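Here the structure is laid out as structure tokens; the discussion comes afterwards.
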Amino acid sequence: MTLEQIVIGLIRIAGSLPVLRWAFAGALIGIAVDFSDLFWMGVLDLGGLQNYQTFDKWADVVYMLTFLWVVNKWEGPERKIAIALFAFRMIGFVTFELTQIRPILLAFPNVFEFWFVFVAIRRHYWPNYEMPRKRIVRWLIIVLVLKLGQEWGLHGGQYLDSFTLFEAVEAIFDFVTFRN
């Protein structure tokens, strides 16, 4: 393990902790810190990150466990669904670790993460918003479609694999401003 892996790993762990105090804001911080790997890999020169996908998935487990800790304080179907989605992702995680086949990550998307964020938003801003079965199904479909889009970009199309954070920001800026 390189010093760079240790530093980025500690950053990822620290980024996971705010969710224990503030479910919604902490989730956003944890997800932003998850994506910060691109920045840190472009800035740090401490030995590199070997086998990034495996490192990233293990670091994801850390923030997902903090999310799960919060979920265990919830009640009702939102809690049950979150636990089931966490278990589903862990099956995918273990399968990926055993095979190192990236499309497995598409077959087992981390819908748990998006479901957690949705429920955290609902609980924070609209605590009286009722969730009968029909709404639960509708919201599950929405978060599934959103997460599948993200997973396809990351693991199917692998659009960020060849970018550092600075290159990605520059490419987005060029696209938005119609530069070549």
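Ordered as shown in the structure tokens, chains take letters A, B, and onward, while each chain numbers its residues from 1 and ligands are numbered from 1 in the order shown.
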Which residues of region 73-96 of chain A come within 12 Å of region 61-67 of chain A, and what is each one's closest atom pair and distance in Å (one decimal), counting only C-alpha atoms, sorted by chain and residue number, as a tab-separated table?
residue	atom	partner	partner_atom	distance
A:Lys73	CA	A:Phe67	CA	10.4
A:Trp74	CA	A:Phe67	CA	11.2
A:Arg79	CA	A:Phe67	CA	11.2
A:Ala82	CA	A:Phe67	CA	9.4
A:Ile83	CA	A:Phe67	CA	10.1
A:Leu85	CA	A:Met64	CA	10.8
A:Phe86	CA	A:Met64	CA	7.8
A:Ala87	CA	A:Met64	CA	10.7
A:Arg89	CA	A:Val61	CA	9.6
A:Met90	CA	A:Val61	CA	8.3
A:Ile91	CA	A:Val61	CA	11.9
A:Gly92	CA	A:Val61	CA	11.7
A:Phe93	CA	A:Val61	CA	8.8
A:Val94	CA	A:Val61	CA	10.9
Query - Distance query Ile136 (chain A) at most 12 Å, only C-alpha atoms, self and fewer than 3 positions along chain excluded, as number ranges by chain - result: A: 76-82, 115, 118-119, 122, 129-133, 139-144
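If you look at CA of Gln50 (chain A) and CA of Leu17 (chain A), they are 25.0 Å away from each other.
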Report task. Within chain A, find each residue whose DSSP state, derived from the backbone, is helix (DSSP H, G or I), and express the selection as a ChimeraX atom specification. Result -> /A:3-20,23-35,37-43,52-71,76-99,103-107,111-125,133-156,165-176
With C-alpha atoms kept, could you save the residues just selected as a CSV table (one decimal), in the first residue's frame?
chain,number,residue,atom,x,y,z
A,3,LEU,CA,1.4,6.5,1.1
A,4,GLU,CA,-1.0,8.0,-1.5
A,5,GLN,CA,-3.5,5.2,-0.9
A,6,ILE,CA,-3.3,5.8,2.9
A,7,VAL,CA,-3.8,9.5,2.6
A,8,ILE,CA,-6.8,9.2,0.2
A,9,GLY,CA,-8.2,6.4,2.4
A,10,LEU,CA,-8.0,8.6,5.4
A,11,ILE,CA,-9.7,11.5,3.5
A,12,ARG,CA,-12.5,9.1,2.4
A,13,ILE,CA,-13.0,7.9,6.0
A,14,ALA,CA,-13.1,11.4,7.4
A,15,GLY,CA,-15.6,12.3,4.6
A,16,SER,CA,-17.8,9.5,5.7
A,17,LEU,CA,-18.2,10.7,9.3
A,18,PRO,CA,-20.4,13.8,9.0
A,19,VAL,CA,-23.4,11.6,8.0
A,20,LEU,CA,-23.4,10.3,11.6
A,23,ALA,CA,-27.9,12.6,7.6
A,24,PHE,CA,-28.6,14.7,4.5
A,25,ALA,CA,-25.7,17.1,4.5
A,26,GLY,CA,-23.4,14.4,5.7
A,27,ALA,CA,-24.5,12.2,2.8
A,28,LEU,CA,-23.7,14.9,0.3
A,29,ILE,CA,-20.3,15.5,1.9
A,30,GLY,CA,-19.6,11.7,1.9
A,31,ILE,CA,-20.5,11.4,-1.8
A,32,ALA,CA,-18.5,14.5,-2.7
A,33,VAL,CA,-15.5,13.2,-0.9
A,34,ASP,CA,-16.0,9.9,-2.8
A,35,PHE,CA,-15.6,11.7,-6.1
A,37,ASP,CA,-10.3,10.8,-5.6
A,38,LEU,CA,-9.9,12.3,-9.1
A,39,PHE,CA,-8.7,15.5,-7.5
A,40,TRP,CA,-6.3,13.8,-5.1
A,41,MET,CA,-4.9,11.4,-7.6
A,42,GLY,CA,-4.1,14.4,-9.8
A,43,VAL,CA,-2.5,16.5,-7.0
A,52,TYR,CA,-8.1,1.9,-8.2
A,53,GLN,CA,-11.4,0.1,-8.7
A,54,THR,CA,-10.8,-2.3,-5.8
A,55,PHE,CA,-9.5,0.6,-3.6
A,56,ASP,CA,-12.5,2.7,-4.4
A,57,LYS,CA,-15.0,-0.1,-3.7
A,58,TRP,CA,-13.5,-0.8,-0.3
A,59,ALA,CA,-13.5,2.9,0.5
A,60,ASP,CA,-17.2,3.0,-0.6
A,61,VAL,CA,-18.0,0.3,2.0
A,62,VAL,CA,-16.8,2.7,4.7
A,63,TYR,CA,-19.2,5.5,3.8
A,64,MET,CA,-22.0,2.9,3.2
A,65,LEU,CA,-21.5,1.5,6.7
A,66,THR,CA,-21.9,5.0,8.1
A,67,PHE,CA,-25.1,5.4,6.1
A,68,LEU,CA,-26.3,2.0,7.3
A,69,TRP,CA,-25.6,3.1,10.9
A,70,VAL,CA,-28.0,6.0,10.4
A,71,VAL,CA,-30.5,3.8,8.6
A,76,GLY,CA,-40.8,1.2,8.7
A,77,PRO,CA,-40.5,0.4,5.0
A,78,GLU,CA,-37.8,3.0,4.3
A,79,ARG,CA,-35.5,1.2,6.7
A,80,LYS,CA,-36.2,-2.2,5.4
A,81,ILE,CA,-35.7,-1.1,1.8
A,82,ALA,CA,-32.4,0.6,2.7
A,83,ILE,CA,-31.1,-2.6,4.4
A,84,ALA,CA,-32.2,-4.7,1.4
A,85,LEU,CA,-30.4,-2.4,-1.0
A,86,PHE,CA,-27.3,-2.4,1.1
A,87,ALA,CA,-27.3,-6.2,1.2
A,88,PHE,CA,-27.8,-6.2,-2.6
A,89,ARG,CA,-24.8,-3.9,-3.2
A,90,MET,CA,-22.6,-6.0,-0.8
A,91,ILE,CA,-23.4,-9.1,-2.9
A,92,GLY,CA,-22.3,-7.1,-6.0
A,93,PHE,CA,-19.2,-5.8,-4.1
A,94,VAL,CA,-18.1,-9.3,-3.1
A,95,THR,CA,-18.8,-10.7,-6.6
A,96,PHE,CA,-16.7,-7.9,-8.1
A,97,GLU,CA,-13.9,-8.5,-5.7
A,98,LEU,CA,-13.8,-12.2,-6.6
A,99,THR,CA,-14.0,-11.6,-10.3
A,103,PRO,CA,-19.9,-4.9,-15.6
A,104,ILE,CA,-20.8,-6.6,-12.3
A,105,LEU,CA,-21.0,-3.2,-10.8
A,106,LEU,CA,-23.7,-2.3,-13.3
A,107,ALA,CA,-25.6,-5.5,-12.4
A,111,VAL,CA,-29.1,2.2,-5.3
A,112,PHE,CA,-28.7,2.1,-1.5
A,113,GLU,CA,-26.7,5.4,-1.8
A,114,PHE,CA,-29.4,7.2,-3.8
A,115,TRP,CA,-32.2,5.8,-1.7
A,116,PHE,CA,-30.4,7.0,1.5
A,117,VAL,CA,-30.1,10.5,0.1
A,118,PHE,CA,-33.7,10.5,-1.0
A,119,VAL,CA,-35.0,9.4,2.4
A,120,ALA,CA,-32.6,11.8,4.2
A,121,ILE,CA,-34.0,14.7,2.1
A,122,ARG,CA,-37.6,13.6,2.7
A,123,ARG,CA,-37.0,13.2,6.5
A,124,HIS,CA,-35.2,16.6,6.7
A,125,TYR,CA,-37.4,18.8,4.5
A,133,ARG,CA,-46.5,1.6,-1.3
A,134,LYS,CA,-47.3,3.3,-4.6
A,135,ARG,CA,-45.0,6.3,-3.8
A,136,ILE,CA,-42.3,4.0,-2.5
A,137,VAL,CA,-42.3,2.1,-5.8
A,138,ARG,CA,-42.3,5.3,-7.8
A,139,TRP,CA,-39.4,6.7,-5.8
A,140,LEU,CA,-37.5,3.5,-6.0
A,141,ILE,CA,-37.8,3.5,-9.8
A,142,ILE,CA,-36.6,7.1,-9.9
A,143,VAL,CA,-33.5,6.5,-7.8
A,144,LEU,CA,-32.8,3.3,-9.7
A,145,VAL,CA,-32.9,5.1,-13.1
A,146,LEU,CA,-30.7,7.9,-11.8
A,147,LYS,CA,-28.2,5.5,-10.2
A,148,LEU,CA,-28.0,3.3,-13.3
A,149,GLY,CA,-27.2,6.4,-15.4
A,150,GLN,CA,-24.4,7.3,-13.0
A,151,GLU,CA,-23.1,3.7,-12.9
A,152,TRP,CA,-23.2,3.5,-16.7
A,153,GLY,CA,-21.1,6.7,-17.0
A,154,LEU,CA,-18.6,5.4,-14.4
A,155,HIS,CA,-18.4,1.7,-15.1
A,156,GLY,CA,-20.1,1.1,-18.5
A,165,LEU,CA,-10.3,16.3,-11.9
A,166,PHE,CA,-8.7,19.3,-13.6
A,167,GLU,CA,-9.0,17.7,-17.0
A,168,ALA,CA,-12.7,16.9,-16.4
A,169,VAL,CA,-13.5,20.4,-15.3
A,170,GLU,CA,-11.7,21.8,-18.3
A,171,ALA,CA,-13.5,19.4,-20.6
A,172,ILE,CA,-16.9,20.4,-19.1
A,173,PHE,CA,-16.0,24.1,-19.4
A,174,ASP,CA,-15.0,23.6,-23.1
A,175,PHE,CA,-18.3,21.7,-23.8
A,176,VAL,CA,-20.4,24.3,-22.0
Report task. For CA of Asn51 (chain A) and CA of Thr2 (chain A), quote the distance in Å rounded to one decimal. Result -> 11.5 Å
